[in-house]
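Reading through the structure tokens given below for one structure.
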Amino acid sequence: MDARVEDRQRPVEETERPAPARRRGRLVWGTLGLATAALIAVATWHVVTAPGAPPARGGRFADAAPQPVGVATVGKGDIRITLDALGTVTPLATVTVKPQIAGQLTEVGFQEGQVVKKGDFLAQIDPRPYQVALEQDQGQLAKDQAVLAQAQSDLARDQQMVKQNAISRQQVDDQAFLVQQDQGMIHSDQAQIDAQKLNLDYAHIISPVDGRVGLRQVDPGNYVQVGDALVIVTQLHPISVVFSLPEDDLPQIQARLHAGASLPVIAFDRSGTTRIATGTLSTLDNQIDTTTGTVKLRAGFDNADETLFPNQFVNARLLVETRQDVVTVPVAAVQHGAPGAFVYLVGAGDTVAVRPIKTGASDGGMVAVENGLQPGDRVVVDGTDRLRDGAHVTVAGGDGAQAAPAPADGRANQPRHRQGTGDGSQGQHRRRDNQTQQPATNP
């Protein structure tokens, strides 16, 4: 029989039966799959039963190991509300000294960078042309005075003759008007003399303000015109810092100023880490900049040591208000979630409870609590990421560990905090406050 006919007559099961090698491959893959599943199950068991694993939800806290946490005691202290802004050191007076008459610059009476007083000699313009003009005007005055004297004498004779009807009344009146013209010439001559004397004063240039002179811009021997700059004199002390704040901060600043408060301003360097000088808010601008929504403020500084330099960029910190004897808690203890701001309160039996709070202004690592906590309460400041309501904890480093002390006033290297809005949310303005009284130590 033909081989092709035999193949067609062979049962289908016999032709499709797997070879022994294929059966062995399937057995090996099945064994590897079971081994992988077993390893995953063992690894999961180790993770779940590890000592640091978070406790499962539900009522299983009794079986979970207590969580080590750091605890701070709620106390009372002072919270200072401050506003930060970028400012520019602006002199109260900057004068560009320019000659008011033309002439040759014959002398310079200052050294570059010299500190001068108001009225100190700065430069001299050749006064000789103006001295000559003064003498000419004085001579003209003498001549006109003689003419006036003659006219007055003629008028006196005419007045006597008119009484005798020797001359007409019109001739007397004409002579009287001539006397008035001569008197006018006298006044004009005197004005010319005063102008020449003023030019002589202008030839001797003095400093208009106290300050420091800059670089000399014209050398002696040059012919200077009216309006040519000779030198710039800048007042260094007192000096001011001009900075801008959002218009939303204006009401509370005005309220404090209307109450007669003196608002301190601290100037820090560009990096915000070094305090340069301390001054006082002087005034506010009379309008809000509509393009930026900010208002300019000027703070005055004594600057006796000249640490502030004109046009220097500084970080200005305005102290608006100090809230004294308020309940404070470390910022690290405040958590935010669905109920708003809350803390983990450590209660009896070293169990924690979620306590919603209402926060206020923050200050150098501390935040004011308007309600929800009392002095002496213990709150968790470290290890809150694995806590749940009702969890058991162990206090690390002893029961009731004291919160870290807040930095001293003016420490600009602390993180910037903002004033709370009362529901645990962050404020909209830049706030920077400093804690002055530490929370009480837990007994």
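A note on labels: chains of the structure tokens are A, B, ... as shown, every chain counts residues from 1, and ligands are counted from 1 in their shown order.
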Report as a PyMOL selection string all protein, DNA and RNA residues lying within 10 Å of A:Leu92, evaluated on only C-alpha atoms, omitting residues in the same chain fewer than 2 positions from it. chain A and resi 89-90+94+234-241+300+310
Considering only C-alpha atoms, return as JSON, numbers by chain whatever protein or nucleic-acid residues lie within 12 Å of stretch 253-258 of chain A, sequence-local ones (same chain, fewer than 6 positions apart) excluded. {"A": [81, 82, 83, 245, 246, 247, 264, 280, 281, 282, 283, 284, 285, 295, 297, 318, 319, 320, 321, 322]}
Got time to write the residues from that selection, N, CA, C and O atoms, as a PDB file, in the first residue's frame?
```pdb
ATOM      1  N   ILE A  81       4.781  88.352  64.245  1.00  0.00           N
ATOM      2  CA  ILE A  81       4.341  88.339  62.848  1.00  0.00           C
ATOM      3  C   ILE A  81       5.198  89.335  62.080  1.00  0.00           C
ATOM      4  O   ILE A  81       5.214  90.527  62.387  1.00  0.00           O
ATOM      5  N   THR A  82       5.900  88.846  61.089  1.00  0.00           N
ATOM      6  CA  THR A  82       6.777  89.698  60.296  1.00  0.00           C
ATOM      7  C   THR A  82       6.477  89.517  58.819  1.00  0.00           C
ATOM      8  O   THR A  82       5.901  88.507  58.395  1.00  0.00           O
ATOM      9  N   LEU A  83       6.878  90.498  58.027  1.00  0.00           N
ATOM     10  CA  LEU A  83       6.729  90.479  56.581  1.00  0.00           C
ATOM     11  C   LEU A  83       8.099  90.653  55.948  1.00  0.00           C
ATOM     12  O   LEU A  83       8.853  91.542  56.338  1.00  0.00           O
ATOM     13  N   LEU A 245       5.551  95.725  49.508  1.00  0.00           N
ATOM     14  CA  LEU A 245       4.758  94.658  50.101  1.00  0.00           C
ATOM     15  C   LEU A 245       3.420  94.571  49.384  1.00  0.00           C
ATOM     16  O   LEU A 245       2.937  95.567  48.827  1.00  0.00           O
ATOM     17  N   PRO A 246       2.778  93.394  49.384  1.00  0.00           N
ATOM     18  CA  PRO A 246       1.457  93.269  48.747  1.00  0.00           C
ATOM     19  C   PRO A 246       0.443  94.192  49.399  1.00  0.00           C
ATOM     20  O   PRO A 246       0.510  94.479  50.592  1.00  0.00           O
ATOM     21  N   GLU A 247      -0.491  94.651  48.599  1.00  0.00           N
ATOM     22  CA  GLU A 247      -1.506  95.565  49.102  1.00  0.00           C
ATOM     23  C   GLU A 247      -2.377  94.920  50.174  1.00  0.00           C
ATOM     24  O   GLU A 247      -2.979  95.623  50.992  1.00  0.00           O
ATOM     25  N   PRO A 264       9.616  98.039  63.879  1.00  0.00           N
ATOM     26  CA  PRO A 264      11.036  97.814  63.560  1.00  0.00           C
ATOM     27  C   PRO A 264      11.196  97.131  62.207  1.00  0.00           C
ATOM     28  O   PRO A 264      10.348  96.351  61.770  1.00  0.00           O
ATOM     29  N   THR A 280      13.659 101.609  61.602  1.00  0.00           N
ATOM     30  CA  THR A 280      12.250 101.799  61.913  1.00  0.00           C
ATOM     31  C   THR A 280      11.514 102.215  60.652  1.00  0.00           C
ATOM     32  O   THR A 280      12.055 102.983  59.841  1.00  0.00           O
ATOM     33  N   LEU A 281      10.294 101.727  60.511  1.00  0.00           N
ATOM     34  CA  LEU A 281       9.477 102.116  59.365  1.00  0.00           C
ATOM     35  C   LEU A 281       9.188 103.616  59.425  1.00  0.00           C
ATOM     36  O   LEU A 281       8.684 104.126  60.431  1.00  0.00           O
ATOM     37  N   SER A 282       9.496 104.318  58.342  1.00  0.00           N
ATOM     38  CA  SER A 282       9.320 105.773  58.305  1.00  0.00           C
ATOM     39  C   SER A 282       7.978 106.174  57.721  1.00  0.00           C
ATOM     40  O   SER A 282       7.231 106.948  58.322  1.00  0.00           O
ATOM     41  N   THR A 283       7.661 105.658  56.558  1.00  0.00           N
ATOM     42  CA  THR A 283       6.439 106.087  55.895  1.00  0.00           C
ATOM     43  C   THR A 283       6.058 105.088  54.823  1.00  0.00           C
ATOM     44  O   THR A 283       6.829 104.182  54.466  1.00  0.00           O
ATOM     45  N   LEU A 284       4.830 105.244  54.307  1.00  0.00           N
ATOM     46  CA  LEU A 284       4.320 104.463  53.194  1.00  0.00           C
ATOM     47  C   LEU A 284       4.104 105.392  52.008  1.00  0.00           C
ATOM     48  O   LEU A 284       3.893 106.595  52.170  1.00  0.00           O
ATOM     49  N   ASP A 285       4.137 104.811  50.821  1.00  0.00           N
ATOM     50  CA  ASP A 285       3.842 105.588  49.629  1.00  0.00           C
ATOM     51  C   ASP A 285       2.366 105.996  49.638  1.00  0.00           C
ATOM     52  O   ASP A 285       1.551 105.424  50.371  1.00  0.00           O
ATOM     53  N   VAL A 295       2.668  98.114  47.405  1.00  0.00           N
ATOM     54  CA  VAL A 295       2.864  99.472  47.882  1.00  0.00           C
ATOM     55  C   VAL A 295       4.293  99.593  48.412  1.00  0.00           C
ATOM     56  O   VAL A 295       4.823  98.651  49.013  1.00  0.00           O
ATOM     57  N   LEU A 297       7.314 101.067  50.778  1.00  0.00           N
ATOM     58  CA  LEU A 297       7.530 101.538  52.134  1.00  0.00           C
ATOM     59  C   LEU A 297       8.985 101.974  52.269  1.00  0.00           C
ATOM     60  O   LEU A 297       9.876 101.437  51.603  1.00  0.00           O
ATOM     61  N   LEU A 318       9.971  93.320  58.221  1.00  0.00           N
ATOM     62  CA  LEU A 318       9.152  94.261  58.983  1.00  0.00           C
ATOM     63  C   LEU A 318       8.397  93.501  60.070  1.00  0.00           C
ATOM     64  O   LEU A 318       7.652  92.575  59.782  1.00  0.00           O
ATOM     65  N   LEU A 319       8.616  93.903  61.332  1.00  0.00           N
ATOM     66  CA  LEU A 319       7.888  93.321  62.456  1.00  0.00           C
ATOM     67  C   LEU A 319       6.569  94.072  62.620  1.00  0.00           C
ATOM     68  O   LEU A 319       6.558  95.244  63.001  1.00  0.00           O
ATOM     69  N   VAL A 320       5.474  93.389  62.327  1.00  0.00           N
ATOM     70  CA  VAL A 320       4.162  94.029  62.370  1.00  0.00           C
ATOM     71  C   VAL A 320       3.567  93.969  63.771  1.00  0.00           C
ATOM     72  O   VAL A 320       3.058  94.969  64.289  1.00  0.00           O
ATOM     73  N   GLU A 321       3.654  92.813  64.411  1.00  0.00           N
ATOM     74  CA  GLU A 321       2.969  92.639  65.694  1.00  0.00           C
ATOM     75  C   GLU A 321       3.606  91.497  66.455  1.00  0.00           C
ATOM     76  O   GLU A 321       4.111  90.541  65.851  1.00  0.00           O
ATOM     77  N   THR A 322       3.569  91.568  67.769  1.00  0.00           N
ATOM     78  CA  THR A 322       4.017  90.484  68.638  1.00  0.00           C
ATOM     79  C   THR A 322       2.841  90.013  69.477  1.00  0.00           C
ATOM     80  O   THR A 322       2.302  90.787  70.278  1.00  0.00           O
TER      81      THR A 322
END
```
What separation in Å, quoted to one decimal, exists between atom CA of A:Ala368 and atom CA of A:Val71?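 Pair atom CA of A:Ala368 / atom CA of A:Val71 returns 17.5 Å.
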Could you jot down the atom CA of A:Glu107 to atom CA of A:Ile232 separation for me, Å, one decimal place? 16.8 Å
Excluding A:Ile357 and residues on its chain fewer than 4 positions from it, collect all residues at most 7 Å away from it, counting only C-alpha atoms, and give them as a PyMOL selection string. chain A and resi 341-342+369+371-372
Per DSSP on the backbone, what are the helix (DSSP H, G or I) residues of stretch 86-206 of chain A, as an MDAnalysis selection string? chainID A and resid 128:163 169:203
Determine, counting only C-alpha atoms, which protein, DNA and RNA residues have an atom within 9 Å of an atom of A:Asp228; residues of the same chain fewer than 3 positions away are not included. Present the result as an MDAnalysis selection string. chainID A and resid 97:100 218 224:225
Suppose we keep N, CA and C atoms; can you now write the selection as a tab-separated table (two decimals), in the first residue's frame?
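Now in selection36.tsv:
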```
chain	number	residue	atom	x	y	z
A	97	VAL	N	26.68	117.72	41.87
A	97	VAL	CA	27.17	119.10	41.94
A	97	VAL	C	27.52	119.57	40.54
A	98	LYS	N	26.85	120.65	40.10
A	98	LYS	CA	27.08	121.22	38.79
A	98	LYS	C	27.34	122.72	38.92
A	99	PRO	N	28.21	123.28	38.09
A	99	PRO	CA	28.46	124.73	38.16
A	99	PRO	C	27.25	125.51	37.65
A	100	GLN	N	26.99	126.65	38.25
A	100	GLN	CA	25.89	127.51	37.85
A	100	GLN	C	26.35	128.69	37.01
A	218	VAL	N	35.53	116.07	36.50
A	218	VAL	CA	36.21	117.12	35.73
A	218	VAL	C	37.49	117.48	36.45
A	224	VAL	N	34.39	124.77	32.14
A	224	VAL	CA	33.13	124.10	32.43
A	224	VAL	C	31.97	125.02	32.06
A	225	GLN	N	30.89	124.39	31.62
A	225	GLN	CA	29.68	125.11	31.29
A	225	GLN	C	28.62	124.87	32.37
```
